[in-house]
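Colleague: Sending over target17.txt (compact mmCIF, C-alpha atoms).
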# COMPACT_ATOMS: atom_id res chain seq x y z
CA MET A 1 -27.53 -13.00 -15.39
CA LYS A 2 -26.41 -9.89 -13.59
CA ASN A 3 -22.98 -8.74 -14.59
CA PRO A 4 -20.69 -8.75 -11.51
CA PHE A 5 -18.51 -6.13 -13.11
CA SER A 6 -21.28 -3.58 -13.11
CA LYS A 7 -21.99 -4.00 -9.41
CA THR A 8 -20.64 -0.77 -8.12
CA ILE A 9 -19.04 -1.92 -4.90
CA TRP A 10 -17.74 -5.45 -4.36
CA SER A 11 -17.60 -7.18 -1.02
CA PRO A 12 -14.37 -6.42 0.87
CA TYR A 13 -14.08 -10.14 1.62
CA VAL A 14 -14.21 -11.00 -2.07
CA VAL A 15 -11.63 -8.33 -2.90
CA GLY A 16 -9.39 -9.38 -0.03
CA THR A 17 -9.59 -13.00 -1.14
CA LEU A 18 -8.70 -12.12 -4.71
CA ILE A 19 -5.76 -9.99 -3.59
CA GLY A 20 -4.58 -12.86 -1.43
CA ILE A 21 -4.84 -15.24 -4.39
CA LEU A 22 -3.00 -12.71 -6.54
CA SER A 23 -0.13 -12.88 -4.08
CA TRP A 24 0.13 -16.66 -4.54
CA PHE A 25 0.84 -16.03 -8.20
CA THR A 26 3.29 -13.21 -7.70
CA PHE A 27 5.29 -15.20 -5.17
CA SER A 28 5.33 -18.42 -7.18
CA PHE A 29 5.58 -17.25 -10.79
CA VAL A 30 7.70 -14.13 -10.60
CA ASP A 31 9.10 -14.26 -7.08
CA LYS A 32 7.77 -10.82 -6.23
CA ALA A 33 5.85 -9.27 -3.38
CA MET A 34 3.30 -6.59 -4.23
CA GLY A 35 4.14 -3.13 -2.99
CA VAL A 36 4.20 0.38 -4.40
CA SER A 37 6.48 2.61 -2.40
CA SER A 38 9.83 1.62 -3.96
CA ALA A 39 8.51 2.64 -7.37
CA PHE A 40 8.50 6.25 -6.20
CA VAL A 41 12.15 5.99 -5.19
CA HIS A 42 12.92 4.46 -8.57
CA PHE A 43 11.15 7.28 -10.35
CA PHE A 44 12.92 9.93 -8.31
CA GLY A 45 16.19 8.18 -9.08
CA PHE A 46 15.30 8.26 -12.76
CA LEU A 47 14.48 11.96 -12.67
CA VAL A 48 17.71 12.78 -10.86
CA GLY A 49 19.57 10.59 -13.34
CA LEU A 50 18.31 12.78 -16.17
CA VAL A 51 20.16 15.69 -14.61
CA SER A 52 23.07 14.05 -12.84
CA VAL A 53 23.81 10.33 -12.89
CA ASP A 54 26.71 11.15 -10.63
CA HIS A 55 24.41 12.32 -7.86
CA VAL A 56 22.41 9.10 -8.05
CA PHE A 57 25.50 7.00 -7.62
CA LYS A 58 26.71 9.20 -4.79
CA THR A 59 23.42 8.91 -2.87
CA PRO A 60 23.59 5.42 -1.32
CA TYR A 61 19.84 5.04 -0.93
CA LEU A 62 19.18 5.85 -4.58
CA SER A 63 22.08 3.87 -5.98
CA GLY A 64 20.92 0.87 -4.00
CA TYR A 65 17.68 1.00 -5.95
CA VAL A 66 18.68 2.00 -9.46
CA GLU A 67 22.37 1.38 -9.93
CA ALA A 68 22.58 -2.37 -10.38
CA LYS A 69 18.85 -2.76 -10.85
CA PRO A 70 16.59 -1.50 -13.65
CA VAL A 71 14.70 1.70 -13.04
CA PHE A 72 11.50 0.47 -14.66
CA ASP A 73 11.02 -2.88 -13.02
CA TRP A 74 8.12 -5.21 -12.17
CA GLN A 75 6.89 -3.02 -9.37
CA PHE A 76 7.00 0.13 -11.47
CA LEU A 77 4.86 -1.50 -14.13
CA MET A 78 2.55 -2.73 -11.39
CA VAL A 79 2.04 0.87 -10.32
CA ILE A 80 1.15 1.84 -13.88
CA GLY A 81 -1.17 -1.17 -14.00
CA ILE A 82 -2.95 -0.07 -10.82
CA PHE A 83 -3.70 3.26 -12.46
CA ILE A 84 -5.08 1.55 -15.57
CA GLY A 85 -7.03 -1.10 -13.67
CA ALA A 86 -8.71 1.49 -11.49
CA PHE A 87 -9.53 3.51 -14.57
CA ILE A 88 -11.24 0.51 -16.16
CA ALA A 89 -13.15 -0.29 -12.98
CA SER A 90 -14.34 3.27 -12.60
CA ARG A 91 -16.03 3.09 -16.00
CA PHE A 92 -18.50 0.61 -14.49
CA SER A 93 -19.33 2.81 -11.55
CA LYS A 94 -21.47 5.90 -11.25
CA ILE A 95 -19.96 7.12 -8.00
CA THR A 96 -18.57 10.63 -8.18
CA TYR A 97 -15.75 11.85 -6.01
CA SER A 98 -15.28 15.40 -4.86
CA GLU A 99 -11.85 16.93 -4.92
CA ILE A 100 -12.62 18.31 -1.48
CA PRO A 101 -14.11 15.43 0.51
CA TYR A 102 -16.96 16.59 2.68
CA LEU A 103 -15.42 15.47 5.94
CA TRP A 104 -12.18 17.22 5.05
CA GLY A 105 -13.91 20.41 3.98
CA GLU A 106 -16.02 20.52 7.09
CA ARG A 107 -12.88 20.52 9.18
CA PHE A 108 -10.48 22.61 7.10
CA GLY A 109 -12.74 24.65 4.87
CA PHE A 110 -13.71 24.18 1.25
CA SER A 111 -10.74 25.81 -0.40
CA TYR A 112 -9.23 24.02 -3.40
CA ASN A 113 -5.78 25.44 -2.74
CA LYS A 114 -5.84 24.34 0.88
CA ARG A 115 -6.96 20.84 -0.10
CA ARG A 116 -4.20 20.59 -2.70
CA TYR A 117 -1.51 21.65 -0.27
CA ALA A 118 -2.88 19.18 2.24
CA CYS A 119 -2.78 16.41 -0.37
CA VAL A 120 0.84 17.17 -1.16
CA LEU A 121 1.65 17.23 2.54
CA GLY A 122 -0.26 14.02 3.16
CA GLY A 123 1.42 12.29 0.25
CA PHE A 124 4.79 13.52 1.46
CA LEU A 125 4.25 12.10 4.94
CA LEU A 126 2.92 8.89 3.40
CA LEU A 127 5.96 8.06 1.33
CA PHE A 128 8.56 9.49 3.68
CA GLY A 129 7.09 7.44 6.48
CA ALA A 130 6.70 4.37 4.29
CA ARG A 131 10.34 4.38 3.18
CA LEU A 132 11.48 4.87 6.75
CA ALA A 133 9.26 2.02 7.92
CA GLY A 134 10.30 -0.18 5.02
CA GLY A 135 7.13 -0.33 2.95
CA CYS A 136 3.61 0.90 2.36
CA THR A 137 0.25 -0.64 3.33
CA LEU A 138 0.48 -3.09 0.45
CA GLY A 139 4.17 -3.91 0.63
CA HIS A 140 4.63 -4.03 4.38
CA GLY A 141 1.07 -4.56 5.57
CA VAL A 142 -0.33 -7.08 3.10
CA SER A 143 2.73 -8.71 1.53
CA GLY A 144 4.76 -8.61 4.73
CA GLY A 145 1.75 -9.49 6.83
CA LEU A 146 0.91 -12.61 4.85
CA GLN A 147 4.49 -13.78 5.28
CA LEU A 148 3.96 -13.30 9.01
CA ALA A 149 6.89 -10.90 9.20
CA THR A 150 7.30 -9.39 12.63
CA ALA A 151 8.13 -5.91 11.34
CA SER A 152 5.05 -5.98 9.12
CA TRP A 153 2.66 -6.83 11.93
CA LEU A 154 4.25 -4.09 13.98
CA PHE A 155 3.65 -1.85 10.96
CA LEU A 156 -0.05 -2.77 10.89
CA ALA A 157 -0.47 -2.21 14.61
CA VAL A 158 1.22 1.20 14.53
CA LEU A 159 -0.56 2.28 11.32
CA PHE A 160 -3.98 1.61 12.73
CA THR A 161 -3.08 3.26 16.01
CA SER A 162 -1.51 6.35 14.49
CA GLY A 163 -4.21 6.71 11.84
CA THR A 164 -7.05 6.30 14.32
CA VAL A 165 -5.60 8.77 16.81
CA THR A 166 -4.94 11.30 14.06
CA ALA A 167 -8.39 10.84 12.56
CA PHE A 168 -10.10 11.33 15.88
CA ILE A 169 -8.04 14.45 16.59
CA LEU A 170 -8.64 15.91 13.14
CA TYR A 171 -12.18 14.91 12.31
CA LYS A 172 -14.10 13.86 15.36
CA LYS A 173 -16.48 16.56 16.50
CA MET B 174 20.34 9.17 -18.02
CA LEU B 175 20.81 6.09 -15.92
CA PRO B 176 22.31 3.16 -17.86
CA TYR B 177 19.98 0.37 -16.74
CA LEU B 178 16.41 1.31 -17.50
CA PHE B 179 14.18 -1.63 -18.35
CA ASP B 180 13.83 -5.03 -16.78
CA ASN B 181 13.04 -8.01 -19.01
CA PRO B 182 9.81 -7.58 -21.01
CA PHE B 183 8.09 -10.69 -19.65
CA LEU B 184 8.55 -9.46 -16.11
CA LEU B 185 7.33 -6.00 -17.05
CA LEU B 186 4.23 -7.39 -18.74
CA ASN B 187 3.50 -9.56 -15.73
CA GLY B 188 3.81 -6.54 -13.44
CA LEU B 189 1.47 -4.55 -15.62
CA ILE B 190 -1.17 -7.28 -15.60
CA VAL B 191 -0.91 -7.82 -11.84
CA GLY B 192 -1.24 -4.08 -11.38
CA ILE B 193 -4.29 -3.84 -13.61
CA ILE B 194 -6.01 -6.58 -11.64
CA LEU B 195 -5.02 -4.97 -8.33
CA GLY B 196 -6.11 -1.50 -9.38
CA PHE B 197 -9.41 -2.89 -10.59
CA LEU B 198 -9.95 -4.66 -7.26
CA LEU B 199 -9.04 -1.64 -5.15
CA GLN B 200 -11.45 0.55 -7.07
CA LYS B 201 -14.19 -2.07 -6.92
CA ALA B 202 -13.83 -2.30 -3.15
CA ASN B 203 -14.36 1.46 -2.96
CA LEU B 204 -11.00 1.86 -1.24
CA THR B 205 -10.26 4.72 -3.61
CA HIS B 206 -12.52 6.95 -1.59
CA PHE B 207 -11.51 9.39 1.16
CA LYS B 208 -14.70 8.48 2.99
CA THR B 209 -13.74 4.81 3.10
CA ILE B 210 -10.16 5.23 4.25
CA VAL B 211 -10.80 7.94 6.82
CA GLY B 212 -13.99 6.15 7.77
CA GLN B 213 -11.82 3.21 8.76
CA PHE B 214 -9.69 5.37 11.00
CA LEU B 215 -12.77 6.89 12.55
CA LEU B 216 -13.86 3.31 13.21
CA GLN B 217 -17.05 3.80 11.21
CA ASP B 218 -16.20 1.95 8.00
CA PHE B 219 -14.25 -1.26 8.28
CA THR B 220 -13.76 -1.95 4.57
CA MET B 221 -10.02 -1.37 4.78
CA LEU B 222 -9.53 -3.74 7.69
CA LYS B 223 -11.71 -6.40 6.08
CA VAL B 224 -9.80 -6.28 2.81
CA ILE B 225 -6.37 -6.26 4.45
CA LEU B 226 -7.11 -9.04 6.93
CA THR B 227 -8.79 -11.24 4.34
CA ALA B 228 -5.95 -10.70 1.89
CA ILE B 229 -3.41 -11.56 4.58
CA PHE B 230 -5.32 -14.69 5.63
CA VAL B 231 -5.87 -16.02 2.10
CA GLY B 232 -2.39 -15.01 1.00
CA SER B 233 -0.75 -16.55 4.02
CA LEU B 234 -2.72 -19.78 3.73
CA GLY B 235 -1.79 -20.21 0.09
CA ILE B 236 1.85 -19.25 0.40
CA HIS B 237 2.47 -21.52 3.35
CA LEU B 238 0.69 -24.38 1.57
CA LEU B 239 2.91 -23.85 -1.46
CA ILE B 240 5.96 -23.89 0.79
CA ALA B 241 4.72 -27.05 2.49
CA MET B 242 4.40 -28.66 -0.95
CA ASN B 243 8.12 -27.96 -1.36
CA LEU B 244 7.65 -25.45 -4.12
CA PRO B 245 10.54 -23.00 -4.42
CA ILE B 246 8.96 -19.99 -2.77
CA SER B 247 11.29 -17.37 -1.38
CA LEU B 248 10.12 -14.97 1.23
CA HIS B 249 10.69 -11.26 0.86
CA ILE B 250 10.84 -10.12 4.44
CA LYS B 251 11.88 -6.75 5.64
CA ALA B 252 14.00 -6.74 8.76
CA VAL B 253 13.56 -3.20 9.86
CA PRO B 254 14.75 -1.72 13.12
CA VAL B 255 11.88 -1.16 15.53
CA LEU B 256 12.36 2.59 15.89
CA ALA B 257 12.31 3.09 12.13
CA VAL B 258 9.11 1.09 11.78
CA VAL B 259 7.40 2.87 14.66
CA ILE B 260 8.38 6.39 13.63
CA GLY B 261 7.91 5.81 9.91
CA THR B 262 4.52 4.18 10.33
CA THR B 263 3.32 6.84 12.75
CA VAL B 264 4.20 9.48 10.15
CA MET B 265 2.42 7.40 7.51
CA GLY B 266 -0.67 7.21 9.69
CA ILE B 267 -0.84 10.99 9.87
CA GLY B 268 -0.37 11.30 6.13
CA ILE B 269 -3.02 8.74 5.28
CA VAL B 270 -5.64 10.60 7.26
CA ILE B 271 -4.76 14.03 5.86
CA LEU B 272 -4.70 12.82 2.26
CA GLY B 273 -7.40 10.18 2.54
CA TYR B 274 -5.54 7.47 0.65
CA CYS B 275 -2.71 5.07 1.26
CA PRO B 276 -0.04 4.89 -1.47
CA GLY B 277 -1.63 2.07 -3.45
CA THR B 278 -5.16 3.42 -3.27
CA CYS B 279 -3.91 6.89 -4.17
CA ILE B 280 -2.54 5.56 -7.45
CA ALA B 281 -5.85 3.81 -8.04
CA ALA B 282 -7.80 6.94 -7.11
CA ALA B 283 -5.81 8.89 -9.66
CA GLY B 284 -6.72 6.23 -12.21
CA GLN B 285 -10.39 6.65 -11.48
CA GLY B 286 -10.02 10.37 -12.02
CA SER B 287 -9.92 11.82 -8.51
CA LYS B 288 -8.06 15.10 -8.86
CA ASP B 289 -6.93 15.25 -5.25
CA ALA B 290 -5.14 11.93 -5.73
CA PHE B 291 -2.87 13.51 -8.33
CA TRP B 292 -1.73 16.08 -5.80
CA GLY B 293 -1.19 13.21 -3.41
CA LEU B 294 1.03 11.49 -5.98
CA LEU B 295 3.09 14.65 -6.28
CA GLY B 296 3.50 14.73 -2.52
CA MET B 297 4.47 11.08 -2.54
CA LEU B 298 7.22 11.68 -5.07
CA LEU B 299 8.50 14.57 -2.95
CA GLY B 300 8.39 12.40 0.14
CA ALA B 301 10.34 9.66 -1.58
CA ALA B 302 12.83 12.27 -2.76
CA ALA B 303 13.26 13.75 0.69
CA TYR B 304 13.74 10.37 2.28
CA SER B 305 16.28 9.29 -0.32
CA GLU B 306 18.35 12.33 0.46
CA VAL B 307 18.19 12.14 4.26
CA HIS B 308 18.41 8.36 4.58
CA VAL B 309 22.17 8.48 4.97
CA LEU B 310 21.79 10.78 7.99
CA LEU B 311 19.47 8.32 9.69
CA LYS B 312 21.62 5.31 9.02
CA ASN B 313 23.63 5.59 12.16
CA ASN B 314 20.86 6.38 14.57
CA ILE B 315 17.25 5.37 13.86
CA LEU B 316 18.14 2.74 11.35
CA SER B 317 20.72 1.09 13.57
CA SER B 318 18.41 0.82 16.51
CA PHE B 319 17.07 -2.29 18.17
CA LYS B 320 15.93 -4.96 15.75
CA VAL B 321 13.39 -7.53 16.75
CA SER B 322 15.15 -10.83 17.33
CA SER B 323 12.92 -12.95 15.15
CA LEU B 324 12.02 -12.00 11.60
CA ARG B 325 8.72 -13.85 11.63
CA LEU B 326 5.93 -14.22 14.14
CA PRO B 327 6.06 -18.03 14.41
CA GLU B 328 9.66 -17.90 15.62
CA LEU B 329 9.02 -14.86 17.80
CA LEU B 330 6.02 -16.37 19.54
CA GLY B 331 7.25 -19.94 19.42
CA ILE B 332 4.12 -21.23 17.73
CA SER B 333 3.36 -22.89 14.42
CA HIS B 334 2.51 -20.64 11.50
CA TRP B 335 -0.59 -22.76 10.93
CA LEU B 336 -1.84 -21.71 14.34
CA ILE B 337 -1.42 -18.06 13.42
CA ILE B 338 -3.09 -18.60 10.05
CA GLY B 339 -5.90 -20.43 11.80
CA ILE B 340 -6.39 -17.51 14.16
CA LEU B 341 -6.45 -15.13 11.19
CA GLY B 342 -9.07 -17.32 9.54
CA ILE B 343 -11.24 -17.25 12.63
CA MET B 344 -10.91 -13.46 12.80
CA VAL B 345 -12.04 -13.14 9.19
CA LEU B 346 -14.91 -15.53 9.83
CA VAL B 347 -16.04 -13.62 12.91
CA MET B 348 -15.89 -10.35 11.00
CA ARG B 349 -17.85 -11.89 8.14
CA ILE B 350 -20.56 -13.21 10.45
CA TYR B 351 -20.74 -9.86 12.24
CA SER B 352 -21.02 -8.03 8.91
CA ALA B 353 -23.83 -10.29 7.76
CA ARG B 354 -25.70 -9.90 11.04
CA THR B 355 -25.47 -6.10 11.17
CA LYS B 356 -26.64 -5.81 7.58
CA ALA B 357 -30.07 -7.14 8.55
Please render this file's structure as structure tokens.

Modeller:
Amino acid sequence: MKNPFSKTIWSPYVVGTLIGILSWFTFSFVDKAMGVSSAFVHFFGFLVGLVSVDHVFKTPYLSGYVEAKPVFDWQFLMVIGIFIGAFIASRFSKITYSEIPYLWGERFGFSYNKRRYACVLGGFLLLFGARLAGGCTLGHGVSGGLQLATASWLFLAVLFTSGTVTAFILYKK
Amino acid sequence: MLPYLFDNPFLLLNGLIVGIILGFLLQKANLTHFKTIVGQFLLQDFTMLKVILTAIFVGSLGIHLLIAMNLPISLHIKAVPVLAVVIGTTVMGIGIVILGYCPGTCIAAAGQGSKDAFWGLLGMLLGAAAYSEVHVLLKNNILSSFKVSSLRLPELLGISHWLIIGILGIMVLVMRIYSARTKA
């Protein structure tokens, strides 16, 4: 019998279904919604705390996350898990990924330094925007979306609009 | 060092396991690929939409069934002022297309070994840092702006959540049929 784990790419419907089922368990067993963006705030709080706990407590946003709550919480471990799970999955796949994606290089040039700066910039916009909006694609979009939260559906609508417009401007010939 | 570091071990283990499953699934769906994510926003590759919509449909169906069975499910809903959502998400949309990953898939991409994802993670930490520091400045303007009156769609639209879930299910079904047809 063919091993499903070795099939390089799974159907998006199967994956979506399994993620949806996963959410049933997180909501019922541990009362948590999947999301990754808060973990980055936690980690930043932790790093600042290594230098100045005082600053953490004086910065309301940070203290709200790590003062009365543990730094390394469920979500943080979930983030670590994602890294590990993807690592395991990648061992079954033969797909290679270029550091400079072709589409990106075609538009901006195939310079490693440029790509790295762009990645840092992109990541910066990603998390800054996510925290302002109240969550990332997983936290706001999926978890919020499945709860039929108004803000989350607004998030999805704006994300797909903004992303599509930007993609067309940047990459469409 | 902050005084309160670790949550209870059971919870941490659970988070780790959930994450491993999620990371595995994201990688298996090929969402950890610039081509897939940007392909979605160029309206050429609909993997992202299919996964998200299916996850929302299945998740919503299950959660609301559990609630209907009177199980103690609490909702974790974000009530975010409209302006903050719109501006924040717009910024996110730009970032996702430049980097080629969303936050979750970036972590997964790093796990699979994509070097650019690691730079993305660095950027994400910086972004979280920057926001944490400027949040207080935004509190009185963007974050105090107009909030949508109803937290959830059923109340906002005045319809049953089952109707919305049903519509989602039909959308997933239509997509699935269309996918199967265009594969031939």

Colleague: Can you pull out every residue within 12 Å of Leu244 in chain B, counting all atoms listed in the file, but drop anything in the same chain fewer than 6 positions away, and send it as JSON, numbers by chain?

Modeller: {"A": [24, 27, 28, 29, 31], "B": [235, 236, 237, 238]}

Colleague: Based on the selection just made, write C-alpha atoms of those residues as a PDB file, in the frame of the given file.

Modeller:
ATOM      1  CA  TRP A  24       0.130 -16.660  -4.540  1.00  0.00           C
ATOM      2  CA  PHE A  27       5.290 -15.200  -5.170  1.00  0.00           C
ATOM      3  CA  SER A  28       5.330 -18.420  -7.180  1.00  0.00           C
ATOM      4  CA  PHE A  29       5.580 -17.250 -10.790  1.00  0.00           C
ATOM      5  CA  ASP A  31       9.100 -14.260  -7.080  1.00  0.00           C
TER       6      ASP A  31
ATOM      7  CA  GLY B 235      -1.790 -20.210   0.090  1.00  0.00           C
ATOM      8  CA  ILE B 236       1.850 -19.250   0.400  1.00  0.00           C
ATOM      9  CA  HIS B 237       2.470 -21.520   3.350  1.00  0.00           C
ATOM     10  CA  LEU B 238       0.690 -24.380   1.570  1.00  0.00           C
TER      11      LEU B 238
END

Colleague: Might you pull out every residue within 10 Å of range 51-67 of chain A, with all atoms listed in the file counted and same-chain residues fewer than 3 positions away left off, and present them as a CSV table (one decimal) with C-alpha atoms, keeping the file's coordinate frame?

Modeller:
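Once everything was written out, this is selection-v6.csv:
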chain,number,residue,atom,x,y,z
A,38,SER,CA,9.8,1.6,-4.0
A,39,ALA,CA,8.5,2.6,-7.4
A,41,VAL,CA,12.2,6.0,-5.2
A,42,HIS,CA,12.9,4.5,-8.6
A,43,PHE,CA,11.2,7.3,-10.4
A,44,PHE,CA,12.9,9.9,-8.3
A,45,GLY,CA,16.2,8.2,-9.1
A,46,PHE,CA,15.3,8.3,-12.8
A,47,LEU,CA,14.5,12.0,-12.7
A,48,VAL,CA,17.7,12.8,-10.9
A,70,PRO,CA,16.6,-1.5,-13.6
A,71,VAL,CA,14.7,1.7,-13.0
A,72,PHE,CA,11.5,0.5,-14.7
A,73,ASP,CA,11.0,-2.9,-13.0
B,174,MET,CA,20.3,9.2,-18.0
B,175,LEU,CA,20.8,6.1,-15.9
B,176,PRO,CA,22.3,3.2,-17.9
B,177,TYR,CA,20.0,0.4,-16.7
B,178,LEU,CA,16.4,1.3,-17.5
B,302,ALA,CA,12.8,12.3,-2.8
B,304,TYR,CA,13.7,10.4,2.3
B,305,SER,CA,16.3,9.3,-0.3
B,306,GLU,CA,18.4,12.3,0.5
B,307,VAL,CA,18.2,12.1,4.3
B,308,HIS,CA,18.4,8.4,4.6
B,309,VAL,CA,22.2,8.5,5.0

Colleague: What does the distance from CA of Pro182 in chain B to CA of Ser90 in chain A come to in Å, to one decimal?

Modeller: 27.8 Å

Colleague: For Leu204 in chain B, work out the shell of residues within 12 Å, counting all atoms listed in the file and skipping chain neighbours fewer than 4 positions away, then give it as a CSV table (one decimal) with C-alpha atoms, in the frame of the given file.

Modeller:
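Saved as out.csv:
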chain,number,residue,atom,x,y,z
A,9,ILE,CA,-19.0,-1.9,-4.9
A,10,TRP,CA,-17.7,-5.4,-4.4
A,11,SER,CA,-17.6,-7.2,-1.0
A,12,PRO,CA,-14.4,-6.4,0.9
A,15,VAL,CA,-11.6,-8.3,-2.9
A,16,GLY,CA,-9.4,-9.4,0.0
A,86,ALA,CA,-8.7,1.5,-11.5
A,90,SER,CA,-14.3,3.3,-12.6
B,195,LEU,CA,-5.0,-5.0,-8.3
B,196,GLY,CA,-6.1,-1.5,-9.4
B,197,PHE,CA,-9.4,-2.9,-10.6
B,198,LEU,CA,-10.0,-4.7,-7.3
B,199,LEU,CA,-9.0,-1.6,-5.2
B,200,GLN,CA,-11.4,0.6,-7.1
B,208,LYS,CA,-14.7,8.5,3.0
B,209,THR,CA,-13.7,4.8,3.1
B,210,ILE,CA,-10.2,5.2,4.2
B,211,VAL,CA,-10.8,7.9,6.8
B,212,GLY,CA,-14.0,6.2,7.8
B,213,GLN,CA,-11.8,3.2,8.8
B,218,ASP,CA,-16.2,2.0,8.0
B,219,PHE,CA,-14.2,-1.3,8.3
B,220,THR,CA,-13.8,-2.0,4.6
B,221,MET,CA,-10.0,-1.4,4.8
B,222,LEU,CA,-9.5,-3.7,7.7
B,223,LYS,CA,-11.7,-6.4,6.1
B,224,VAL,CA,-9.8,-6.3,2.8
B,225,ILE,CA,-6.4,-6.3,4.4
B,273,GLY,CA,-7.4,10.2,2.5
B,274,TYR,CA,-5.5,7.5,0.6
B,275,CYS,CA,-2.7,5.1,1.3
B,276,PRO,CA,0.0,4.9,-1.5
B,277,GLY,CA,-1.6,2.1,-3.4
B,278,THR,CA,-5.2,3.4,-3.3
B,279,CYS,CA,-3.9,6.9,-4.2
B,280,ILE,CA,-2.5,5.6,-7.4
B,281,ALA,CA,-5.8,3.8,-8.0
B,282,ALA,CA,-7.8,6.9,-7.1
B,285,GLN,CA,-10.4,6.6,-11.5

Colleague: Measuring between all atoms listed in the file, which one of B:Leu298, B:Val347, B:Leu330, B:Ile271 shows the shortest distance to Cys119 in chain A?

Modeller: B:Ile271

Colleague: I need the residue nearest chain B from this list: A:Leu18, A:Tyr102, A:Thr96, A:Phe124. Use all atoms listed in the file for the distance.

Modeller: A:Phe124

Colleague: Using all atoms listed in the file, which residue out of A:Phe110, A:Phe87, A:Phe76, A:Trp153 lies closest to chain B?

Modeller: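 Of all the options, A:Phe87 lies closest to chain B.
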
Colleague: Would you work out the distance separating CA of Arg115 in chain A from CA of Gly139 in chain A, expressed in Å to one decimal?

Modeller: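 According to the coordinates, CA of Arg115 in chain A and CA of Gly139 in chain A are separated by 27.1 Å.
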
Colleague: At a cut-off of 8 Å around the point (-12.3, 20.3, -7.2) (file coordinates), what residues fall inside when counting all atoms listed in the file? I'd like the answer as a list in words.

Modeller: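 It turns out the residues near that spot are Ser98, Glu99, Ile100 and Tyr112 of chain A; Lys288 and Asp289 of chain B.
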
Colleague: Could you save those same residues with C-alpha atoms as a compact mmCIF listing (two decimals), keeping the file's coordinate frame?

Modeller:
# COMPACT_ATOMS: atom_id res chain seq x y z
CA SER A 98 -15.28 15.40 -4.86
CA GLU A 99 -11.85 16.93 -4.92
CA ILE A 100 -12.62 18.31 -1.48
CA TYR A 112 -9.23 24.02 -3.40
CA LYS B 288 -8.06 15.10 -8.86
CA ASP B 289 -6.93 15.25 -5.25

Colleague: Give me the residues near range 227-233 of chain B as an NGL selection string, where near means some atom within 8 Å (using only C-alpha atoms) and where sequence neighbours in that chain fewer than 4 positions away do not count.

Modeller: (:A and (13 or 15-24 or 142-143 or 145-148)) or (:B and (223 or 237 or 338 or 341-342 or 345))

Colleague: If you count only C-alpha atoms, which residues fall within 9 Å of Tyr171 in chain A, apart from same-chain ones fewer than 6 positions away, as number ranges by chain?

Modeller: A: 103-104, 106-107; B: 211, 215

Colleague: Which one is closest to Gly266 in chain B: B:Arg354, B:Phe214, B:Trp292, B:Leu316? Count only C-alpha atoms.

Modeller: B:Phe214

Colleague: Provide the CA of Thr164 in chain A to CA of Leu272 in chain B distance in Å, to one decimal place.

Modeller: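 Taking CA of Thr164 in chain A as the start and CA of Leu272 in chain B as the end point, the length is 13.9 Å.
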
Colleague: Using all atoms listed in the file for the distances, tell me which of A:Phe92, A:Phe128, A:Tyr117, A:Phe25 is nearest to chain B.

Modeller: A:Phe128

Colleague: Of the candidates A:Ile95, A:Ile82, A:Val30, A:Leu156, which shows the shortest atom-to-atom distance to chain B, using only C-alpha atoms?

Modeller: A:Ile82

Colleague: Generate N, CA, C and O atoms for range 345-352 of chain B and emit them as a compact mmCIF listing (two decimals), in the coordinates of the input.

Modeller:
# COMPACT_ATOMS: atom_id res chain seq x y z
N VAL B 345 -11.31 -13.51 10.41
CA VAL B 345 -12.04 -13.14 9.19
C VAL B 345 -13.45 -13.68 9.25
O VAL B 345 -14.42 -13.00 8.90
N LEU B 346 -13.59 -14.91 9.72
CA LEU B 346 -14.91 -15.53 9.83
C LEU B 346 -15.81 -14.75 10.77
O LEU B 346 -16.97 -14.46 10.47
N VAL B 347 -15.27 -14.39 11.93
CA VAL B 347 -16.04 -13.62 12.91
C VAL B 347 -16.48 -12.29 12.31
O VAL B 347 -17.64 -11.88 12.44
N MET B 348 -15.55 -11.62 11.63
CA MET B 348 -15.89 -10.35 11.00
C MET B 348 -17.01 -10.54 9.98
O MET B 348 -17.94 -9.74 9.90
N ARG B 349 -16.87 -11.62 9.20
CA ARG B 349 -17.85 -11.89 8.14
C ARG B 349 -19.23 -12.13 8.73
O ARG B 349 -20.23 -11.62 8.24
N ILE B 350 -19.28 -12.91 9.80
CA ILE B 350 -20.56 -13.21 10.45
C ILE B 350 -21.14 -11.92 11.02
O ILE B 350 -22.34 -11.64 10.87
N TYR B 351 -20.29 -11.12 11.66
CA TYR B 351 -20.74 -9.86 12.24
C TYR B 351 -21.28 -8.93 11.16
O TYR B 351 -22.32 -8.29 11.34
N SER B 352 -20.57 -8.87 10.03
CA SER B 352 -21.02 -8.03 8.91
C SER B 352 -22.38 -8.47 8.43
O SER B 352 -23.27 -7.65 8.19
